[in-house]
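Printed here is work-v3.cif (mmCIF, C-alpha atoms):
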data_final
#
loop_
_atom_site.label_atom_id
_atom_site.label_comp_id
_atom_site.auth_asym_id
_atom_site.auth_seq_id
_atom_site.Cartn_x
_atom_site.Cartn_y
_atom_site.Cartn_z
CA MET A 1 5.55 -13.32 5.77
CA ILE A 2 6.81 -9.72 5.89
CA SER A 3 6.35 -7.63 9.03
CA GLY A 4 6.76 -3.94 9.78
CA SER A 5 6.43 -0.82 7.65
CA ILE A 6 5.55 -1.42 4.01
CA VAL A 7 5.48 1.66 1.81
CA ALA A 8 2.73 2.04 -0.78
CA LEU A 9 5.19 3.64 -3.18
CA VAL A 10 4.25 6.51 -5.47
CA THR A 11 5.06 6.29 -9.17
CA PRO A 12 6.99 9.48 -10.05
CA MET A 13 6.10 11.07 -13.37
CA ASP A 14 7.50 13.83 -15.50
CA GLN A 15 5.59 16.76 -16.98
CA SER A 16 4.51 14.69 -19.99
CA GLY A 17 2.98 12.04 -17.74
CA SER A 18 5.68 9.45 -18.43
CA VAL A 19 7.26 7.45 -15.60
CA ASP A 20 10.28 9.25 -14.14
CA TRP A 21 12.64 6.30 -13.80
CA ASP A 22 15.50 8.25 -12.21
CA SER A 23 13.27 9.54 -9.42
CA LEU A 24 11.80 6.07 -8.94
CA ALA A 25 15.28 4.61 -8.53
CA GLN A 26 16.14 7.26 -5.94
CA LEU A 27 12.97 6.51 -3.97
CA VAL A 28 13.80 2.81 -3.83
CA GLU A 29 17.30 3.62 -2.54
CA MET A 30 15.83 5.96 0.08
CA HIS A 31 13.51 3.28 1.39
CA VAL A 32 16.29 0.73 1.64
CA GLU A 33 18.44 3.26 3.51
CA LYS A 34 15.61 4.36 5.81
CA LYS A 35 14.75 0.78 6.83
CA THR A 36 11.39 0.38 5.13
CA ASP A 37 10.58 -3.32 5.50
CA ALA A 38 8.98 -3.85 2.07
CA ILE A 39 7.76 -1.91 -0.96
CA VAL A 40 4.40 -2.11 -2.71
CA ALA A 41 4.91 -1.21 -6.37
CA VAL A 42 1.93 0.03 -8.40
CA GLY A 43 -0.73 -0.02 -5.72
CA THR A 44 -3.37 2.67 -5.44
CA THR A 45 -0.75 5.19 -4.33
CA GLY A 46 1.33 4.18 -7.36
CA GLU A 47 -1.51 5.24 -9.71
CA SER A 48 -2.23 1.70 -10.82
CA ALA A 49 -5.55 2.76 -12.32
CA THR A 50 -3.89 4.87 -15.02
CA LEU A 51 -0.82 2.81 -15.92
CA ASP A 52 -1.30 0.59 -18.94
CA MET A 53 -0.36 -3.10 -18.81
CA ALA A 54 3.14 -2.60 -20.21
CA GLU A 55 3.91 0.29 -17.83
CA HIS A 56 2.46 -1.60 -14.89
CA THR A 57 4.73 -4.57 -15.47
CA ALA A 58 7.74 -2.36 -16.28
CA VAL A 59 7.45 -0.46 -12.98
CA ILE A 60 7.19 -3.69 -10.99
CA LYS A 61 10.24 -5.14 -12.78
CA PHE A 62 12.21 -1.92 -12.30
CA VAL A 63 11.45 -1.65 -8.58
CA THR A 64 12.23 -5.33 -8.06
CA GLU A 65 15.57 -5.02 -9.84
CA ARG A 66 16.51 -1.82 -8.01
CA ALA A 67 15.60 -3.36 -4.66
CA GLY A 68 17.90 -6.24 -5.55
CA GLY A 69 16.65 -8.49 -2.78
CA ARG A 70 17.47 -5.95 -0.08
CA VAL A 71 13.77 -5.50 0.68
CA PRO A 72 10.82 -7.57 -0.58
CA VAL A 73 8.67 -6.13 -3.35
CA ILE A 74 4.91 -6.66 -3.38
CA ALA A 75 3.29 -5.99 -6.74
CA GLY A 76 -0.13 -4.43 -6.99
CA THR A 77 -1.96 -6.64 -9.49
CA GLY A 78 -5.64 -6.22 -8.70
CA ALA A 79 -8.26 -5.44 -11.33
CA ASN A 80 -12.03 -5.46 -11.68
CA CYS A 81 -11.70 -8.03 -14.47
CA THR A 82 -10.57 -11.44 -13.20
CA ARG A 83 -8.75 -12.27 -16.43
CA GLU A 84 -6.83 -9.00 -16.24
CA ALA A 85 -5.92 -9.62 -12.59
CA ILE A 86 -4.58 -13.06 -13.54
CA GLU A 87 -2.54 -11.58 -16.38
CA LEU A 88 -1.09 -8.84 -14.17
CA THR A 89 -0.26 -11.35 -11.45
CA GLN A 90 1.46 -13.65 -13.95
CA SER A 91 3.47 -10.67 -15.24
CA ALA A 92 4.47 -9.70 -11.71
CA LYS A 93 5.67 -13.20 -10.95
CA LYS A 94 7.72 -13.19 -14.15
CA ALA A 95 9.16 -9.78 -13.21
CA GLY A 96 10.45 -11.22 -9.94
CA ALA A 97 8.02 -9.79 -7.38
CA ASP A 98 8.00 -11.54 -4.01
CA ALA A 99 4.22 -11.34 -3.59
CA CYS A 100 1.15 -9.68 -5.08
CA LEU A 101 -1.47 -7.35 -3.59
CA LEU A 102 -4.93 -7.73 -5.13
CA VAL A 103 -7.52 -5.07 -4.46
CA SER A 104 -11.15 -6.19 -4.47
CA PRO A 105 -12.76 -5.75 -7.89
CA TYR A 106 -13.98 -2.18 -8.06
CA TYR A 107 -16.97 -0.47 -9.70
CA ASN A 108 -18.78 -3.66 -10.79
CA LYS A 109 -19.69 -4.43 -7.12
CA PRO A 110 -19.51 -8.24 -6.96
CA THR A 111 -21.30 -10.21 -4.27
CA GLN A 112 -19.36 -11.94 -1.49
CA GLU A 113 -19.47 -15.10 -3.59
CA GLY A 114 -18.12 -13.12 -6.54
CA LEU A 115 -15.25 -11.83 -4.41
CA TYR A 116 -14.46 -15.36 -3.29
CA GLN A 117 -14.54 -16.79 -6.80
CA HIS A 118 -12.45 -13.90 -8.18
CA HIS A 119 -9.62 -14.33 -5.68
CA LYS A 120 -9.84 -18.11 -5.84
CA ALA A 121 -9.39 -17.97 -9.62
CA VAL A 122 -6.30 -15.76 -9.35
CA ALA A 123 -4.83 -17.86 -6.55
CA GLU A 124 -5.29 -21.07 -8.53
CA ALA A 125 -3.90 -19.55 -11.72
CA VAL A 126 -0.65 -18.07 -10.38
CA ALA A 127 1.67 -19.72 -7.86
CA ILE A 128 2.85 -16.65 -5.97
CA PRO A 129 1.99 -15.46 -2.43
CA GLN A 130 -1.08 -13.22 -2.64
CA MET A 131 -2.45 -10.56 -0.32
CA LEU A 132 -6.11 -9.55 -0.33
CA TYR A 133 -6.85 -5.81 -0.17
CA ASN A 134 -10.11 -4.58 1.30
CA VAL A 135 -10.68 -0.86 0.77
CA PRO A 136 -14.42 -0.26 0.35
CA GLY A 137 -13.97 3.52 0.23
CA ARG A 138 -12.25 3.02 -3.13
CA THR A 139 -13.96 -0.06 -4.52
CA ALA A 140 -17.61 0.33 -3.44
CA VAL A 141 -17.57 -3.27 -2.19
CA ASP A 142 -16.67 -4.52 1.28
CA MET A 143 -15.06 -7.93 1.68
CA LEU A 144 -16.61 -9.29 4.86
CA PRO A 145 -14.56 -11.18 7.47
CA GLU A 146 -16.38 -14.40 6.67
CA THR A 147 -15.28 -14.16 3.04
CA VAL A 148 -11.71 -13.46 4.14
CA GLY A 149 -11.93 -16.58 6.29
CA ARG A 150 -12.98 -18.68 3.30
CA LEU A 151 -10.15 -17.32 1.18
CA ALA A 152 -7.63 -17.88 3.98
CA GLY A 153 -8.03 -21.59 3.31
CA LEU A 154 -6.32 -21.26 -0.08
CA SER A 155 -2.63 -22.05 0.20
CA ASN A 156 -1.13 -19.07 -1.60
CA ILE A 157 -3.46 -16.44 -0.10
CA VAL A 158 -1.21 -15.46 2.77
CA ALA A 159 -2.37 -12.05 3.97
CA ILE A 160 -4.91 -9.23 3.86
CA LYS A 161 -4.49 -5.48 3.82
CA GLU A 162 -7.48 -4.29 5.85
CA ALA A 163 -7.95 -0.63 4.95
CA THR A 164 -11.33 0.23 6.41
CA GLY A 165 -9.72 2.10 9.31
CA ASP A 166 -12.29 0.39 11.54
CA LEU A 167 -10.54 -1.27 14.47
CA GLU A 168 -13.55 -3.40 15.31
CA ARG A 169 -13.50 -4.75 11.76
CA GLY A 170 -9.79 -5.36 12.15
CA ARG A 171 -10.42 -7.29 15.34
CA GLN A 172 -13.03 -9.45 13.59
CA VAL A 173 -10.62 -10.28 10.77
CA LEU A 174 -7.88 -11.10 13.26
CA ASP A 175 -10.22 -13.34 15.25
CA ILE A 176 -11.19 -15.28 12.14
CA CYS A 177 -7.92 -15.36 10.21
CA ALA A 178 -4.88 -14.60 12.36
CA ASP A 179 -3.96 -18.29 12.68
CA SER A 180 -3.96 -18.82 8.91
CA ILE A 181 -2.97 -15.54 7.23
CA SER A 182 -1.20 -12.31 8.19
CA VAL A 183 -3.26 -9.16 8.71
CA TYR A 184 -1.90 -5.72 7.82
CA SER A 185 -3.31 -2.28 8.41
CA GLY A 186 -3.98 -0.18 5.35
CA ASP A 187 -4.80 2.93 7.37
CA ASP A 188 -1.94 4.95 8.83
CA ALA A 189 -3.99 6.64 11.52
CA THR A 190 -5.07 3.36 13.16
CA ALA A 191 -2.09 1.19 12.25
CA VAL A 192 -0.41 1.23 15.67
CA GLU A 193 -3.54 0.04 17.42
CA LEU A 194 -4.16 -2.73 14.88
CA ILE A 195 -0.57 -3.94 15.20
CA LEU A 196 -0.91 -3.96 18.99
CA MET A 197 -4.00 -6.13 18.47
CA GLY A 198 -2.03 -8.64 16.41
CA ALA A 199 -1.52 -7.28 12.89
CA LYS A 200 1.89 -7.86 11.31
CA GLY A 201 2.49 -4.37 9.98
CA ASN A 202 1.19 -1.44 7.99
CA ILE A 203 0.99 -0.70 4.27
CA SER A 204 1.54 3.01 4.41
CA VAL A 205 1.08 6.24 2.51
CA THR A 206 2.86 8.20 5.26
CA ALA A 207 5.97 6.03 4.82
CA ASN A 208 6.57 7.79 1.50
CA VAL A 209 7.50 10.97 3.36
CA ALA A 210 8.50 9.57 6.78
CA PRO A 211 10.03 6.15 6.09
CA LEU A 212 12.34 5.94 9.10
CA GLN A 213 9.70 7.16 11.55
CA MET A 214 7.14 4.67 10.23
CA SER A 215 9.70 1.85 10.40
CA GLU A 216 10.51 2.69 14.01
CA MET A 217 6.83 3.06 14.90
CA CYS A 218 5.87 -0.32 13.47
CA ALA A 219 8.90 -2.02 15.03
CA ALA A 220 7.98 -0.61 18.44
CA ALA A 221 4.37 -1.75 18.11
CA LEU A 222 5.44 -5.23 16.99
CA ALA A 223 7.77 -5.44 20.00
CA GLY A 224 4.93 -4.47 22.32
CA ASP A 225 6.52 -1.11 23.18
CA THR A 226 3.18 0.65 23.35
CA GLU A 227 4.51 3.92 24.74
CA LYS A 228 7.13 4.41 22.03
CA ALA A 229 4.82 3.35 19.20
CA ARG A 230 2.05 5.70 20.29
CA ALA A 231 4.51 8.55 20.84
CA ILE A 232 5.85 8.29 17.27
CA ASN A 233 2.30 7.97 15.97
CA ALA A 234 1.30 11.15 17.80
CA GLN A 235 4.16 13.02 16.14
CA LEU A 236 2.86 11.90 12.74
CA ALA A 237 -0.87 12.26 13.41
CA GLU A 238 -1.26 15.42 11.34
CA VAL A 239 0.73 13.85 8.50
CA HIS A 240 -1.60 10.84 8.47
CA GLN A 241 -4.60 13.16 8.33
CA ASN A 242 -3.42 15.83 5.93
CA LEU A 243 -2.03 13.46 3.31
CA PHE A 244 -5.71 12.89 2.56
CA VAL A 245 -6.94 16.48 2.16
CA GLU A 246 -7.53 15.44 -1.45
CA SER A 247 -7.63 12.01 -3.06
CA ASN A 248 -4.52 9.89 -2.54
CA PRO A 249 -1.90 10.15 -4.05
CA ILE A 250 -2.41 13.85 -4.85
CA PRO A 251 -1.19 15.21 -1.47
CA VAL A 252 1.65 12.74 -0.96
CA LYS A 253 3.10 13.45 -4.41
CA TRP A 254 2.92 17.19 -3.70
CA ALA A 255 4.65 16.60 -0.36
CA LEU A 256 7.43 14.55 -1.97
CA ALA A 257 7.92 17.28 -4.57
CA GLU A 258 8.09 19.89 -1.80
CA MET A 259 10.78 17.74 -0.17
CA GLY A 260 12.72 17.74 -3.45
CA LEU A 261 12.37 14.00 -4.04
CA ILE A 262 10.15 13.82 -7.15
CA PRO A 263 8.51 16.13 -9.71
CA PRO A 264 4.96 17.17 -8.74
CA TYR A 265 3.14 15.53 -11.64
CA LEU A 266 0.29 13.02 -11.78
CA ARG A 267 -1.59 11.44 -14.63
CA LEU A 268 -5.10 12.59 -15.50
CA PRO A 269 -7.78 12.38 -14.23
CA LEU A 270 -5.75 13.22 -11.12
CA THR A 271 -4.45 16.78 -10.92
CA GLU A 272 -1.91 18.56 -8.73
CA LEU A 273 -2.86 19.57 -5.18
CA SER A 274 -5.15 22.59 -5.03
CA SER A 275 -3.30 25.74 -3.94
CA GLN A 276 -5.65 26.21 -0.99
CA HIS A 277 -4.01 23.19 0.68
CA HIS A 278 -0.37 24.11 0.10
CA ASP A 279 0.19 26.09 3.29
CA LEU A 280 -1.49 23.44 5.44
CA LEU A 281 0.53 20.56 4.03
CA ARG A 282 3.79 22.52 4.09
CA ALA A 283 3.20 23.44 7.74
CA THR A 284 2.40 19.81 8.53
CA LEU A 285 5.68 18.65 7.01
CA GLN A 286 7.60 21.35 8.87
CA SER A 287 6.03 20.70 12.25
CA SER A 288 6.71 16.98 11.87
CA GLY A 289 10.38 17.58 11.07
CA LEU A 290 10.08 16.32 7.52
CA LEU A 291 10.77 19.58 5.70
#

Could you write out this file's structure as structure tokens?
Amino acid sequence: MISGSIVALVTPMDQSGSVDWDSLAQLVEMHVEKKTDAIVAVGTTGESATLDMAEHTAVIKFVTERAGGRVPVIAGTGANCTREAIELTQSAKKAGADACLLVSPYYNKPTQEGLYQHHKAVAEAVAIPQMLYNVPGRTAVDMLPETVGRLAGLSNIVAIKEATGDLERGRQVLDICADSISVYSGDDATAVELILMGAKGNISVTANVAPLQMSEMCAAALAGDTEKARAINAQLAEVHQNLFVESNPIPVKWALAEMGLIPPYLRLPLTELSSQHHDLLRATLQSSGLL
């Protein structure tokens, strides 16, 4: 399975709200050049909630083709409807994705048994490597380590993105599952420590704006170079924090626009970063050497 820094890629959009394909192509090239280890297309940061089915599949196919096998592409294919998640996962496989990332069903708040049955159904329906994604702050449901352990017994469930930011939770998941599936951090601020505990890498928002630094940080942590990994992390600490002054991906898309990499637009109901945060985020980028 993949290890290292995995960017949760934004989906650039133009002023009309349509996908900006030229900017998306340039971002893929940047990540290949800056040694990002893999790309997640159409995850939360890629505004998966507001892309329709055709757009969702088109972005995955486009990113996969642009990557051209130089880096693996993981397709975000989760949904709160099991049938829809199966359909998205089938489309991603057809589009050439290397694996799929499936967020826990959101809003309808399934039980632990419901979470198990949902992921089991997708795993049995589509023969592609699948990564669980636990992010209770977004979904209003928490996949417990015991449920992850049950799902780890299914052959094509190969990993989990653990995005609680709780290192004790991460340790529990590692203790239960590390021998059967790969564990990844989904929280930039705690990623180094989770990797040092045994995680295989980090699925990152920060990597959108600091791809080379995040690649080097994850590589150092994976190599057991604690001093180097923590030093890079300290340099990026304010970036990790301030990319969440408003809901992701609002700040990171503003930051990328400030860096001249994409237009600043999002799709409603998300709106551009409030002006009160502009100076803070600009100063953060400058002090971190990113602007």

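Nearest to A:Ala25 of all the residues A:Gly224, A:Leu102, A:Ile262, A:Gly76 is A:Ile262, counting all atoms listed in the file.
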
Checklist entry - Any chance you could work out the residue set of the PyMOL selection byres ((chain A and resi 215) around 8) here, as a list in words? => result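 That expression, the PyMOL selection byres ((chain A and resi 215) around 8), corresponds here to Gly4, Ser5, Lys34, Lys35, Thr36, Asp37, Ala207, Pro211, Leu212, Gln213, Met214, Glu216, Met217, Cys218 and Ala219 of chain A.
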
Next on the checklist: Residue by residue, what does the PyMOL selection byres ((chain A and resi 142) around 12) grab here? Present the result as a ChimeraX atom specification.
Outcome noted: /A:103-107,109-116,132-141,143-148,162-164,169

Item to check | One-decimal distance in Å that lies between atom CA of A:Leu9 and atom CA of A:Thr206 | outcome: 9.9 Å

Item to check | Å distance separating atom CA of A:Ala237 from atom CA of A:Asp188, one decimal place | outcome: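 Result for atom CA of A:Ala237 versus atom CA of A:Asp188: 8.7 Å, one decimal.
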
Item to check | Point-to-point distance in Å for atom CA of A:Tyr184 and atom CA of A:Lys253 | outcome: 23.3 Å

Go ahead and fit an axis-aligned box to every listed atom of stretch 67-75 of chain A plus 3 Å each side, and pass me the centre and edge lengths in Å, one decimal, as lines of an AutoDock Vina configuration file.
center_x = 10.6
center_y = -5.9
center_z = -3.0
size_x = 20.6
size_y = 11.1
size_z = 13.4

With the input short on atoms, add N, CA and C atoms back to stretch 7-23 of chain A and write it as a compact mmCIF listing (two decimals), keeping the file's coordinate frame.
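Final output, part-v2.txt:
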# COMPACT_ATOMS: atom_id res chain seq x y z
N VAL A 7 5.89 0.43 2.48
CA VAL A 7 5.48 1.66 1.81
C VAL A 7 4.64 1.36 0.57
N ALA A 8 3.52 2.06 0.46
CA ALA A 8 2.73 2.04 -0.78
C ALA A 8 3.34 3.11 -1.68
N LEU A 9 4.31 2.71 -2.49
CA LEU A 9 5.19 3.64 -3.18
C LEU A 9 4.48 4.41 -4.28
N VAL A 10 4.75 5.72 -4.35
CA VAL A 10 4.25 6.51 -5.47
C VAL A 10 4.99 6.12 -6.74
N THR A 11 4.40 6.43 -7.88
CA THR A 11 5.06 6.29 -9.17
C THR A 11 5.39 7.69 -9.68
N PRO A 12 6.65 8.12 -9.59
CA PRO A 12 6.99 9.48 -10.05
C PRO A 12 6.77 9.61 -11.55
N MET A 13 6.33 10.80 -11.96
CA MET A 13 6.10 11.07 -13.37
C MET A 13 6.67 12.42 -13.75
N ASP A 14 7.02 12.54 -15.03
CA ASP A 14 7.50 13.83 -15.50
C ASP A 14 6.33 14.66 -16.03
N GLN A 15 6.64 15.84 -16.57
CA GLN A 15 5.59 16.76 -16.98
C GLN A 15 4.73 16.20 -18.11
N SER A 16 5.27 15.29 -18.89
CA SER A 16 4.51 14.69 -19.99
C SER A 16 3.61 13.56 -19.52
N GLY A 17 3.76 13.14 -18.26
CA GLY A 17 2.98 12.04 -17.74
C GLY A 17 3.68 10.70 -17.85
N SER A 18 4.92 10.70 -18.34
CA SER A 18 5.68 9.45 -18.43
C SER A 18 6.33 9.13 -17.08
N VAL A 19 6.60 7.86 -16.84
CA VAL A 19 7.26 7.45 -15.60
C VAL A 19 8.64 8.07 -15.53
N ASP A 20 8.97 8.66 -14.39
CA ASP A 20 10.28 9.25 -14.14
C ASP A 20 11.15 8.18 -13.48
N TRP A 21 11.89 7.46 -14.30
CA TRP A 21 12.64 6.30 -13.80
C TRP A 21 13.75 6.70 -12.85
N ASP A 22 14.41 7.82 -13.10
CA ASP A 22 15.50 8.25 -12.21
C ASP A 22 14.97 8.54 -10.81
N SER A 23 13.84 9.25 -10.73
CA SER A 23 13.27 9.54 -9.42
C SER A 23 12.79 8.26 -8.73
